[in-house]
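Content type mmCIF, C-alpha atoms, from the file coords26.cif:
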data_data
loop_
_atom_site.label_atom_id
_atom_site.label_comp_id
_atom_site.auth_asym_id
_atom_site.auth_seq_id
_atom_site.Cartn_x
_atom_site.Cartn_y
_atom_site.Cartn_z
CA MET A 1 45.32 42.15 1.77
CA THR A 2 44.10 43.52 5.15
CA ALA A 3 43.16 40.88 7.70
CA ARG A 4 39.58 41.08 9.02
CA ILE A 5 39.31 42.09 12.68
CA THR A 6 36.95 39.81 14.54
CA GLY A 7 34.44 41.01 17.14
CA HIS A 8 36.56 39.36 19.85
CA GLN A 9 39.65 41.25 18.69
CA GLN A 10 37.68 44.49 18.62
CA HIS A 11 36.54 43.81 22.17
CA ARG A 12 40.14 43.23 23.38
CA ARG A 13 41.30 46.46 21.74
CA LEU A 14 38.42 48.39 23.26
CA LYS A 15 39.27 47.00 26.69
CA ALA A 16 42.85 48.25 26.31
CA TYR A 17 41.61 51.68 25.25
CA PHE A 18 39.27 52.09 28.21
CA LEU A 19 41.92 50.86 30.63
CA ILE A 20 44.75 53.06 29.38
CA GLN A 21 42.88 56.19 28.29
CA PRO A 22 42.04 57.52 31.80
CA LEU A 23 45.69 57.22 32.77
CA LEU A 24 46.79 59.08 29.66
CA ALA A 25 44.26 61.85 30.31
CA ALA A 26 45.59 62.27 33.84
CA GLY A 27 49.14 62.52 32.61
CA MET A 28 50.19 59.50 34.66
CA MET A 29 52.00 57.65 31.91
CA MET A 30 52.96 57.75 28.24
CA LEU A 31 51.83 54.80 26.17
CA ALA A 32 54.94 55.00 24.04
CA SER A 33 57.08 54.24 27.08
CA TYR A 34 55.40 50.86 27.54
CA PRO A 35 56.38 47.76 25.56
CA ALA A 36 53.76 46.03 23.44
CA SER A 37 53.64 43.15 25.91
CA ALA A 38 52.46 45.49 28.67
CA VAL A 39 49.68 46.84 26.47
CA GLU A 40 48.63 43.29 25.59
CA LEU A 41 48.62 42.41 29.30
CA LEU A 42 46.33 45.35 30.06
CA ALA A 43 44.04 44.30 27.22
CA SER A 44 43.81 40.78 28.62
CA LEU A 45 42.75 41.83 32.12
CA ASP A 46 39.19 41.39 33.36
CA PRO A 47 37.51 44.80 32.90
CA ALA A 48 35.24 44.24 35.89
CA GLN A 49 38.35 44.17 38.08
CA THR A 50 40.27 47.03 36.46
CA GLN A 51 37.96 49.83 35.39
CA ALA A 52 39.09 53.04 37.09
CA GLY A 53 36.75 54.33 39.77
CA ASN A 54 34.46 51.29 39.95
CA ALA A 55 36.06 47.95 40.60
CA HIS A 56 32.83 45.98 40.36
CA ARG A 57 31.38 47.28 37.08
CA PRO A 58 31.89 45.93 33.59
CA ILE A 59 32.98 48.26 30.79
CA LEU A 60 29.73 49.29 29.10
CA ARG A 61 30.13 50.15 25.43
CA PRO A 62 27.65 52.38 23.59
CA LEU A 63 24.61 50.47 22.36
CA LEU A 64 25.54 50.87 18.69
CA TYR A 65 29.15 49.69 19.08
CA GLY A 66 30.21 47.12 16.47
CA ILE A 67 26.99 47.23 14.43
CA ASN A 68 27.68 47.77 10.72
CA GLU A 69 26.14 50.58 8.68
CA ASN A 70 23.87 48.29 6.67
CA ASP A 71 22.35 46.88 9.84
CA LEU A 72 21.92 50.37 11.29
CA GLU A 73 20.07 51.54 8.17
CA MET A 74 17.86 48.46 8.23
CA ALA A 75 17.11 48.94 11.95
CA LYS A 76 16.33 52.65 11.51
CA ASN A 77 13.93 51.93 8.65
CA ARG A 78 12.04 49.28 10.60
CA SER A 79 11.85 51.37 13.75
CA SER A 80 10.70 54.42 11.84
CA ILE A 81 7.90 52.45 10.18
CA ARG A 82 6.75 51.00 13.49
CA TYR A 83 7.06 54.01 15.80
CA SER A 84 6.63 57.17 13.72
CA ASP A 85 2.84 57.07 14.09
CA ARG A 86 3.16 56.30 17.81
CA TRP A 87 5.78 58.92 18.59
CA GLU A 88 3.33 61.62 19.66
CA MET A 89 1.77 59.22 22.19
CA VAL A 90 5.18 58.02 23.43
CA SER A 91 6.40 61.61 23.74
CA GLU A 92 3.41 62.75 25.78
CA ARG A 93 3.66 59.82 28.18
CA SER A 94 7.42 60.25 28.55
CA ARG A 95 7.12 63.80 29.86
CA TYR A 96 5.76 62.58 33.21
CA VAL A 97 8.42 59.97 33.94
CA ARG A 98 11.53 60.41 31.79
CA HIS A 99 13.28 62.93 34.05
CA ARG A 100 13.45 60.41 36.89
CA LEU A 101 14.09 57.50 34.52
CA VAL A 102 17.18 59.16 33.00
CA GLU A 103 18.39 60.20 36.46
CA SER A 104 18.15 56.54 37.50
CA LEU A 105 20.13 55.48 34.40
CA ARG A 106 22.87 57.98 35.19
CA ALA A 107 23.01 56.86 38.81
CA LYS A 108 23.87 53.38 37.48
CA HIS A 109 26.45 54.85 35.04
CA VAL A 110 24.92 53.22 31.98
CA PRO A 111 24.30 54.70 28.51
CA ASP A 112 21.36 57.12 28.32
CA ALA A 113 20.37 55.24 25.17
CA LEU A 114 18.79 52.55 27.37
CA GLN A 115 15.87 54.96 27.76
CA VAL A 116 14.53 53.62 24.45
CA ILE A 117 13.76 50.19 25.91
CA PRO A 118 10.50 51.37 27.58
CA ILE A 119 9.37 52.58 24.14
CA VAL A 120 9.41 49.01 22.84
CA GLU A 121 8.32 47.42 26.13
CA SER A 122 5.39 49.64 27.09
CA THR A 123 5.28 52.71 24.79
CA TYR A 124 6.19 54.60 27.98
CA ASN A 125 2.97 53.59 29.71
CA PRO A 126 3.83 52.79 33.35
CA TYR A 127 0.36 51.28 33.78
CA ALA A 128 0.90 48.75 30.98
CA LEU A 129 0.07 45.15 31.87
CA SER A 130 0.84 42.30 29.47
CA ARG A 131 -1.27 39.17 29.28
CA SER A 132 1.64 37.23 30.77
CA GLY A 133 1.58 39.50 33.83
CA ALA A 134 4.52 41.82 33.03
CA VAL A 135 3.99 45.28 34.50
CA GLY A 136 5.22 48.83 34.10
CA LEU A 137 7.61 50.83 31.93
CA TRP A 138 10.13 47.98 31.82
CA GLN A 139 7.49 45.19 31.78
CA LEU A 140 8.89 43.33 34.77
CA MET A 141 7.56 39.83 35.33
CA PRO A 142 6.54 39.12 38.94
CA LYS A 143 9.20 36.46 39.51
CA THR A 144 11.94 38.65 37.99
CA ALA A 145 10.82 41.67 40.02
CA MET A 146 10.84 39.69 43.26
CA SER A 147 14.28 38.23 42.51
CA LEU A 148 15.52 41.81 42.02
CA GLY A 149 14.03 43.02 45.30
CA ILE A 150 10.62 44.41 44.29
CA SER A 151 7.64 42.95 46.14
CA PRO A 152 4.35 44.73 45.36
CA ASP A 153 1.75 45.22 48.09
CA ARG A 154 -1.85 46.38 48.12
CA LYS A 155 -0.92 50.06 48.46
CA ILE A 156 2.26 50.51 46.38
CA ASP A 157 3.46 48.53 43.35
CA GLY A 158 7.22 48.96 42.89
CA ARG A 159 7.01 47.46 39.39
CA ARG A 160 5.25 50.68 38.37
CA SER A 161 7.67 52.91 40.32
CA VAL A 162 9.79 54.93 37.89
CA GLU A 163 12.93 54.83 40.04
CA LYS A 164 12.67 51.30 41.42
CA SER A 165 11.71 49.64 38.16
CA THR A 166 14.43 51.48 36.23
CA THR A 167 17.10 50.68 38.80
CA VAL A 168 16.37 46.95 38.90
CA ALA A 169 15.78 46.64 35.15
CA VAL A 170 19.11 48.35 34.45
CA GLN A 171 20.94 46.18 36.95
CA TYR A 172 19.46 43.14 35.23
CA LEU A 173 20.63 44.50 31.86
CA ILE A 174 24.13 45.11 33.26
CA ASP A 175 24.26 41.49 34.43
CA LEU A 176 23.10 40.30 31.01
CA TYR A 177 25.64 42.52 29.25
CA ASP A 178 28.41 41.18 31.48
CA ARG A 179 27.32 37.63 30.64
CA PHE A 180 26.93 37.99 26.86
CA ASP A 181 29.55 40.71 26.24
CA ASN A 182 27.49 42.84 23.82
CA TRP A 183 24.25 44.81 23.81
CA PRO A 184 22.27 42.97 21.10
CA LEU A 185 22.57 39.68 23.01
CA ALA A 186 21.93 41.34 26.38
CA ILE A 187 18.78 42.98 25.00
CA ALA A 188 17.68 39.68 23.43
CA ALA A 189 18.16 37.98 26.80
CA TYR A 190 16.07 40.67 28.52
CA ASN A 191 13.21 39.75 26.18
CA LEU A 192 13.63 36.00 25.82
CA GLY A 193 15.48 35.05 29.00
CA PRO A 194 19.23 34.50 29.47
CA ASN A 195 19.14 30.70 29.60
CA ALA A 196 17.13 30.49 26.38
CA VAL A 197 19.61 32.78 24.61
CA ALA A 198 22.60 30.86 25.97
CA ALA A 199 21.14 27.56 24.77
CA ARG A 200 20.66 28.94 21.27
CA LEU A 201 24.16 30.38 21.18
CA ARG A 202 25.62 26.95 21.98
CA LYS A 203 24.01 25.64 18.81
CA GLU A 204 24.60 28.75 16.68
CA PRO A 205 27.28 31.20 17.93
CA TRP A 206 26.78 34.89 17.18
CA ASP A 207 29.33 37.73 17.43
CA ILE A 208 28.86 41.50 17.38
CA GLY A 209 30.37 41.58 13.89
CA ASN A 210 27.60 39.33 12.52
CA PRO A 211 24.37 40.70 10.98
CA LEU A 212 21.47 41.39 13.33
CA GLU A 213 19.24 39.28 11.09
CA LYS A 214 21.42 36.28 12.02
CA LEU A 215 20.72 36.55 15.76
CA PRO A 216 19.86 32.95 16.75
CA VAL A 217 16.61 33.87 18.52
CA PRO A 218 12.92 33.74 17.58
CA GLU A 219 11.72 36.35 15.09
CA GLU A 220 9.78 38.26 17.76
CA THR A 221 12.92 38.67 19.89
CA ARG A 222 15.04 39.56 16.84
CA ASP A 223 12.55 42.30 15.91
CA TYR A 224 12.62 43.51 19.52
CA VAL A 225 16.42 43.93 19.35
CA ILE A 226 16.32 45.55 15.92
CA HIS A 227 13.67 48.06 17.00
CA ILE A 228 15.71 49.09 20.04
CA ILE A 229 18.89 49.48 17.99
CA GLY A 230 16.98 51.43 15.35
CA LEU A 231 15.40 53.79 17.89
CA VAL A 232 18.78 54.49 19.46
CA ALA A 233 20.20 55.36 16.02
CA LEU A 234 17.21 57.55 15.12
CA LEU A 235 17.50 59.47 18.38
CA GLU A 236 21.26 59.88 18.04
CA GLU A 237 20.95 61.37 14.55
CA GLY A 238 18.01 63.56 15.54
CA ALA A 239 15.37 61.95 13.33
CA LEU A 240 13.35 61.39 16.51
CA ALA A 241 13.52 63.47 19.68
CA PHE A 242 11.96 63.24 23.12
CA PRO A 243 10.32 66.41 24.44
CA ASP A 244 11.85 67.95 27.54
CA PRO A 245 10.61 65.96 30.54
CA ILE A 246 8.84 67.64 33.44
CA LYS A 247 11.25 67.91 36.34
CA THR A 248 9.75 66.68 39.60
CA LEU A 249 10.59 66.82 43.30
CA PRO A 250 9.47 64.47 46.09
CA VAL A 251 6.95 65.38 48.80
CA ASN A 252 6.52 63.28 51.94
CA LEU A 253 2.86 63.06 52.96
CA GLN A 254 1.53 62.04 56.35
CA PRO A 255 -1.83 60.24 56.60
CA PRO A 256 -4.67 60.70 56.24
CA VAL A 257 -4.43 62.30 52.82
CA ASP A 258 -6.73 62.39 49.82
CA LEU A 259 -4.66 62.81 46.65
CA HIS A 260 -7.60 64.06 44.58
CA LEU A 261 -8.17 66.81 47.12
CA LEU A 262 -4.45 67.58 47.33
CA ALA A 263 -4.19 67.89 43.55
CA GLY A 264 -7.18 70.26 43.43
CA LEU A 265 -5.82 72.46 46.22
CA SER A 266 -2.43 72.62 44.47
CA GLY A 267 -3.72 73.55 41.01
CA MET A 268 -2.95 70.24 39.31
CA GLU A 269 -5.06 68.88 36.47
CA LYS A 270 -7.46 65.98 37.01
CA ASP A 271 -5.55 62.69 37.50
CA GLU A 272 -2.24 64.47 36.78
CA ILE A 273 -0.86 63.42 40.15
CA PHE A 274 -1.29 59.76 39.16
CA HIS A 275 0.58 60.23 35.87
CA PHE A 276 3.57 61.38 37.91
CA ASN A 277 3.11 58.63 40.52
CA PRO A 278 2.11 55.40 38.75
CA SER A 279 3.25 53.17 41.65
CA LEU A 280 0.28 54.29 43.76
CA ASN A 281 -2.52 51.76 44.07
CA GLN A 282 -4.72 54.14 46.08
CA ALA A 283 -5.98 57.70 45.85
CA GLN A 284 -6.32 57.95 49.63
CA TYR A 285 -3.69 56.98 52.18
CA LEU A 286 -5.49 56.75 55.49
CA SER A 287 -2.85 55.23 57.76
CA ARG A 288 0.40 54.91 55.81
CA PRO A 289 2.85 57.74 55.00
CA VAL A 290 3.51 58.05 51.28
CA THR A 291 6.06 59.90 49.13
CA ILE A 292 4.86 61.37 45.86
CA HIS A 293 6.59 63.28 43.07
CA VAL A 294 5.14 66.55 41.79
CA PRO A 295 6.30 69.10 39.19
CA GLU A 296 9.05 71.35 40.49
CA SER A 297 6.91 74.38 39.62
CA LEU A 298 4.14 73.17 41.98
CA HIS A 299 6.31 71.78 44.76
CA ALA A 300 5.74 74.68 47.17
CA GLN A 301 1.96 74.68 46.61
CA VAL A 302 1.72 70.93 47.21
CA GLN A 303 3.71 71.14 50.44
CA GLU A 304 1.56 74.03 51.63
CA SER A 305 -1.69 72.23 50.71
CA ALA A 306 -0.76 68.86 52.25
CA ALA A 307 -2.00 69.80 55.72
CA LYS A 308 -5.45 70.65 54.29
CA ALA A 309 -5.78 67.50 52.16
CA GLY A 310 -7.33 65.14 54.69
CA PRO A 311 -10.21 63.17 53.09
CA LYS A 312 -13.75 64.50 53.53
CA PHE A 313 -15.19 61.05 52.90
CA VAL A 314 -13.93 57.49 52.54
CA TYR A 315 -15.53 54.20 51.54
CA ALA A 316 -17.21 51.50 53.57
CA THR A 317 -17.71 48.04 52.09
CA VAL A 318 -21.16 46.54 52.60
CA LYS A 319 -21.07 43.23 54.48
CA LYS A 320 -23.70 40.59 55.12
CA GLY A 321 -26.41 41.94 57.42
CA ASP A 322 -25.56 45.61 56.84
CA SER A 323 -28.22 48.28 56.38
CA LEU A 324 -28.04 52.03 55.89
CA TRP A 325 -28.91 52.43 59.58
CA SER A 326 -26.14 50.10 60.82
CA ILE A 327 -23.56 51.67 58.49
CA ALA A 328 -24.59 55.19 59.58
CA LYS A 329 -24.28 54.18 63.23
CA THR A 330 -20.84 52.61 62.69
CA HIS A 331 -19.54 55.73 60.99
CA SER A 332 -21.17 58.25 63.34
CA CYS A 333 -23.43 59.88 60.78
CA SER A 334 -27.09 59.97 59.84
CA VAL A 335 -28.90 57.84 57.29
CA GLU A 336 -29.81 61.06 55.49
CA SER A 337 -26.13 62.08 55.14
CA LEU A 338 -25.33 58.65 53.73
CA LYS A 339 -28.06 59.06 51.13
CA GLN A 340 -26.72 62.51 50.18
CA LEU A 341 -23.17 61.18 49.82
CA ASN A 342 -24.36 58.28 47.67
CA ARG A 343 -26.94 59.91 45.40
CA GLY A 344 -27.81 57.68 42.48
CA SER A 345 -26.98 54.48 44.33
CA SER A 346 -29.59 51.75 44.56
CA LYS A 347 -31.68 51.70 47.74
CA VAL A 348 -31.04 47.95 47.94
CA LEU A 349 -27.58 47.27 49.36
CA ARG A 350 -25.43 44.52 47.85
CA ILE A 351 -22.67 42.64 49.65
CA GLY A 352 -19.34 44.04 48.44
CA GLN A 353 -20.87 47.38 47.41
CA LYS A 354 -18.83 50.45 48.40
CA LEU A 355 -20.56 53.45 49.99
CA LYS A 356 -19.15 56.88 50.68
CA VAL A 357 -19.10 57.65 54.39
CA PRO A 358 -17.77 60.65 56.36
CA ALA A 359 -14.05 60.36 57.11
CA ASN A 360 -14.31 60.11 60.86
CA GLN A 361 -13.79 56.38 61.36
CA LEU A 362 -10.65 55.75 59.27
CA ALA A 363 -9.86 52.41 60.87
CA ARG A 364 -13.12 51.03 59.46
CA ALA A 365 -12.76 52.58 56.02
CA SER A 366 -11.54 51.40 52.61
CA ALA A 367 -9.46 53.83 50.56
CA ASN A 368 -10.57 54.60 47.02
CA ILE A 369 -8.17 53.47 44.31
CA ASN A 370 -5.89 55.20 41.83
CA PRO A 371 -8.31 56.14 39.02
CA LEU A 372 -5.80 55.16 36.32
CA LEU A 373 -6.02 51.57 37.54
CA ASN A 374 -8.96 49.95 35.83
CA SER A 375 -10.73 47.91 38.50
CA ASP A 376 -12.89 45.85 36.14
CA ARG A 377 -10.51 44.90 33.33
CA ARG A 378 -11.54 41.38 32.38
CA ILE A 379 -8.63 39.23 31.19
CA ARG A 380 -8.67 35.65 29.98
CA TYR A 381 -5.54 34.10 31.51
CA ARG A 382 -3.98 30.73 30.65
CA VAL A 383 -2.47 29.05 33.70
CA ARG A 384 1.23 28.28 33.42
CA SER A 385 3.42 25.73 35.14
CA GLY A 386 4.12 26.79 38.74
CA ASP A 387 1.10 29.11 38.96
CA SER A 388 -1.14 29.23 41.99
CA LEU A 389 -4.22 31.33 42.67
CA TRP A 390 -2.14 33.49 45.00
CA ARG A 391 0.57 34.07 42.39
CA ILE A 392 -1.96 34.96 39.70
CA ALA A 393 -3.75 37.34 42.08
CA SER A 394 -0.46 39.03 42.98
CA ARG A 395 0.53 39.32 39.33
CA PHE A 396 -2.64 41.16 38.35
CA GLY A 397 -3.10 43.23 41.52
CA THR A 398 -6.25 41.42 42.60
CA THR A 399 -7.20 38.83 45.26
CA VAL A 400 -7.69 35.07 45.39
CA LYS A 401 -11.27 35.69 46.50
CA ALA A 402 -11.99 37.82 43.43
CA ILE A 403 -10.54 35.18 41.08
CA THR A 404 -12.44 32.31 42.68
CA LYS A 405 -15.69 34.29 42.64
CA ILE A 406 -15.59 35.18 38.95
CA ASN A 407 -14.59 31.59 38.02
CA ASN A 408 -17.01 29.80 40.41
CA LEU A 409 -14.12 28.14 42.26
CA SER A 410 -13.31 27.60 45.92
CA SER A 411 -10.11 28.93 47.47
CA LYS A 412 -8.90 25.31 47.69
CA SER A 413 -9.53 24.53 44.03
CA ILE A 414 -6.63 22.94 42.16
CA ILE A 415 -5.54 24.69 38.97
CA ARG A 416 -3.33 23.11 36.34
CA ALA A 417 -1.13 24.40 33.54
CA GLY A 418 -3.29 24.99 30.47
CA ASP A 419 -6.44 25.88 32.43
CA THR A 420 -7.99 29.25 31.59
CA LEU A 421 -9.28 31.72 34.16
CA TRP A 422 -11.05 35.06 34.05
CA VAL A 423 -9.15 37.72 35.99
CA LEU A 424 -10.36 41.21 36.87
CA ALA A 425 -6.99 43.01 36.73
CA ARG A 426 -6.52 46.20 38.74
CA ILE A 427 -3.96 47.41 36.22
CA ARG A 428 -4.78 48.60 32.71
CA PRO A 429 -3.46 46.01 30.21
CA GLY A 430 -1.00 47.21 27.57
#

Before we go any further, please render this structure as structure tokens.
Amino acid sequence: MTARITGHQQHRRLKAYFLIQPLLAAGMMMLASYPASAVELLASLDPAQTQAGNAHRPILRPLLYGINENDLEMAKNRSSIRYSDRWEMVSERSRYVRHRLVESLRAKHVPDALQVIPIVESTYNPYALSRSGAVGLWQLMPKTAMSLGISPDRKIDGRRSVEKSTTVAVQYLIDLYDRFDNWPLAIAAYNLGPNAVAARLRKEPWDIGNPLEKLPVPEETRDYVIHIIGLVALLEEGALAFPDPIKTLPVNLQPPVDLHLLAGLSGMEKDEIFHFNPSLNQAQYLSRPVTIHVPESLHAQVQESAAKAGPKFVYATVKKGDSLWSIAKTHSCSVESLKQLNRGSSKVLRIGQKLKVPANQLARASANINPLLNSDRRIRYRVRSGDSLWRIASRFGTTVKAITKINNLSSKSIIRAGDTLWVLARIRPG
């Protein structure tokens, strides 16, 4: 009777293979010349300290390693049911960002198969915003993003940056993999949190040789893991396939620049520039240099057009006591030109209203926003422990003033866990 090999034994054997195989390939030694004890010693070493070429990286197995055929079939069936109807949408969205996403994966030397995680997280929508405040392709929570070195500001949100979000999400996954020693548990911890997974494992241990249905996590997290495993398997066997992504190149832009105007001068489709550059909060950069990515085929045209893409008009925000005459005087134009720029606007000015003005007083102007960010998305948010008005505002890309105004609060109001607030998010919810 053949003894069953446990997941731990499989892991030790795989360690020995990865440690010895590069040396064999280089012709540096013959395994047969080494006693069994030496092979066992190699297998017992810490892989993070011994992997050739990278002394500080764990050995990363393929995502499907150790998962039995029955589980793979089950995972493929579930993923196919859930994502077949969505695949056209996922595919179209992926074309704008997947080239840089996969490049970022390869820069971290991790399996390309990790590119399926944004399918489950955001259906490849970099503008996705969950009701808990997670943002972007990888659905990074604000606290997690900040702990990994991403701090959004009013002009650029790194959580929506293809490269930055992928790099930090993958590093987080590497850390989780190193902690839990297999991909199903690392992926579960990405969804549920590492401490929550560790606590459950103490009560109910799980090994890579066990069924996926026995993962000791909530059903939602178990489904999350199963869908990712299933998508990896479907892609590997060719049942699903990503379209070729659009290769992009960076362009460094000096202010002032109007991205709508730049796109038009370069022959890009309406809003296309914002599909390639989801981290942008603004459509005009009046004082800050900005780097954008554009299709390789249009790179030369964009560079040539950049010098001609200064804004023709910007926005002025109406303040208390303002009139068309005072605004025209401030921005060195006539009342008549203001009326022409703002045709259709009410003759009665409202505090907070934005008016188009000629772009000759940039220091006094407000830039218009990325049109793919919905500026009036009304979300009902339940306050959690540790929240503050500032944290909530940062999470949803808005301001404390905007939150207090819509909820009839003062900036000094005390909020408590369980309270509900209306939030006008500047990011389109997923």

Please evaluate the PyMOL selection byres ((chain A and resi 150) around 12) against the displayed coordinates and give the resulting residues as a ChimeraX atom specification.
-> /A:135,140-149,151-153,156-161,163-169,279

Given the PyMOL selection byres ((chain A and resi 283-292) around 10), the residues it picks as a PyMOL selection string = chain A and resi 155-156+248-261+271+273-274+276-282+293-294+309-311+313-314+359+362-363+365-372

What is the distance, in Å and to one decimal place, between atom CA of Ala134 of chain A and atom CA of Arg391 of chain A?
-> 12.8 Å

A:Lys412, A:His331, A:Lys320, A:Arg78 ranked by distance to Leu349 of chain A, top pick (using only C-alpha atoms) = A:Lys320

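The residues returned by the PyMOL selection byres ((chain A and resi 76) around 7) on the shown structure are A:Leu72, A:Glu73, A:Met74, A:Ala75, A:Asn77, A:Arg78, A:Ser79, A:Ser80, A:Gly230, A:Leu231, A:Ala233, A:Leu234.
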
d(atom CA of Lys319 of chain A, atom CA of Ser413 of chain A) in Å | 24.3 Å

Write out as a Markdown table the residues of segment 103-155 of chain A that have any atom within 10 Å of an atom of segment 93-99 of chain A, one row each with the nearest atom pair and its distance in Å to one decimal, counting all atoms listed in the file, sorted by chain and then rising number.
| residue | atom | partner | partner_atom | distance |
| --- | --- | --- | --- | --- |
| A:Glu103 | CA | A:His99 | CA | 6.3 |
| A:Ser104 | CA | A:His99 | CA | 8.7 |
| A:Gln115 | CA | A:Arg98 | CA | 8.0 |
| A:Pro118 | CA | A:Ser94 | CA | 9.4 |
| A:Ile119 | CA | A:Ser94 | CA | 9.1 |
| A:Thr123 | CA | A:Arg93 | CA | 8.0 |
| A:Tyr124 | CA | A:Arg93 | CA | 5.8 |
| A:Asn125 | CA | A:Arg93 | CA | 6.5 |
| A:Pro126 | CA | A:Val97 | CA | 8.5 |
| A:Leu137 | CA | A:Val97 | CA | 9.4 |
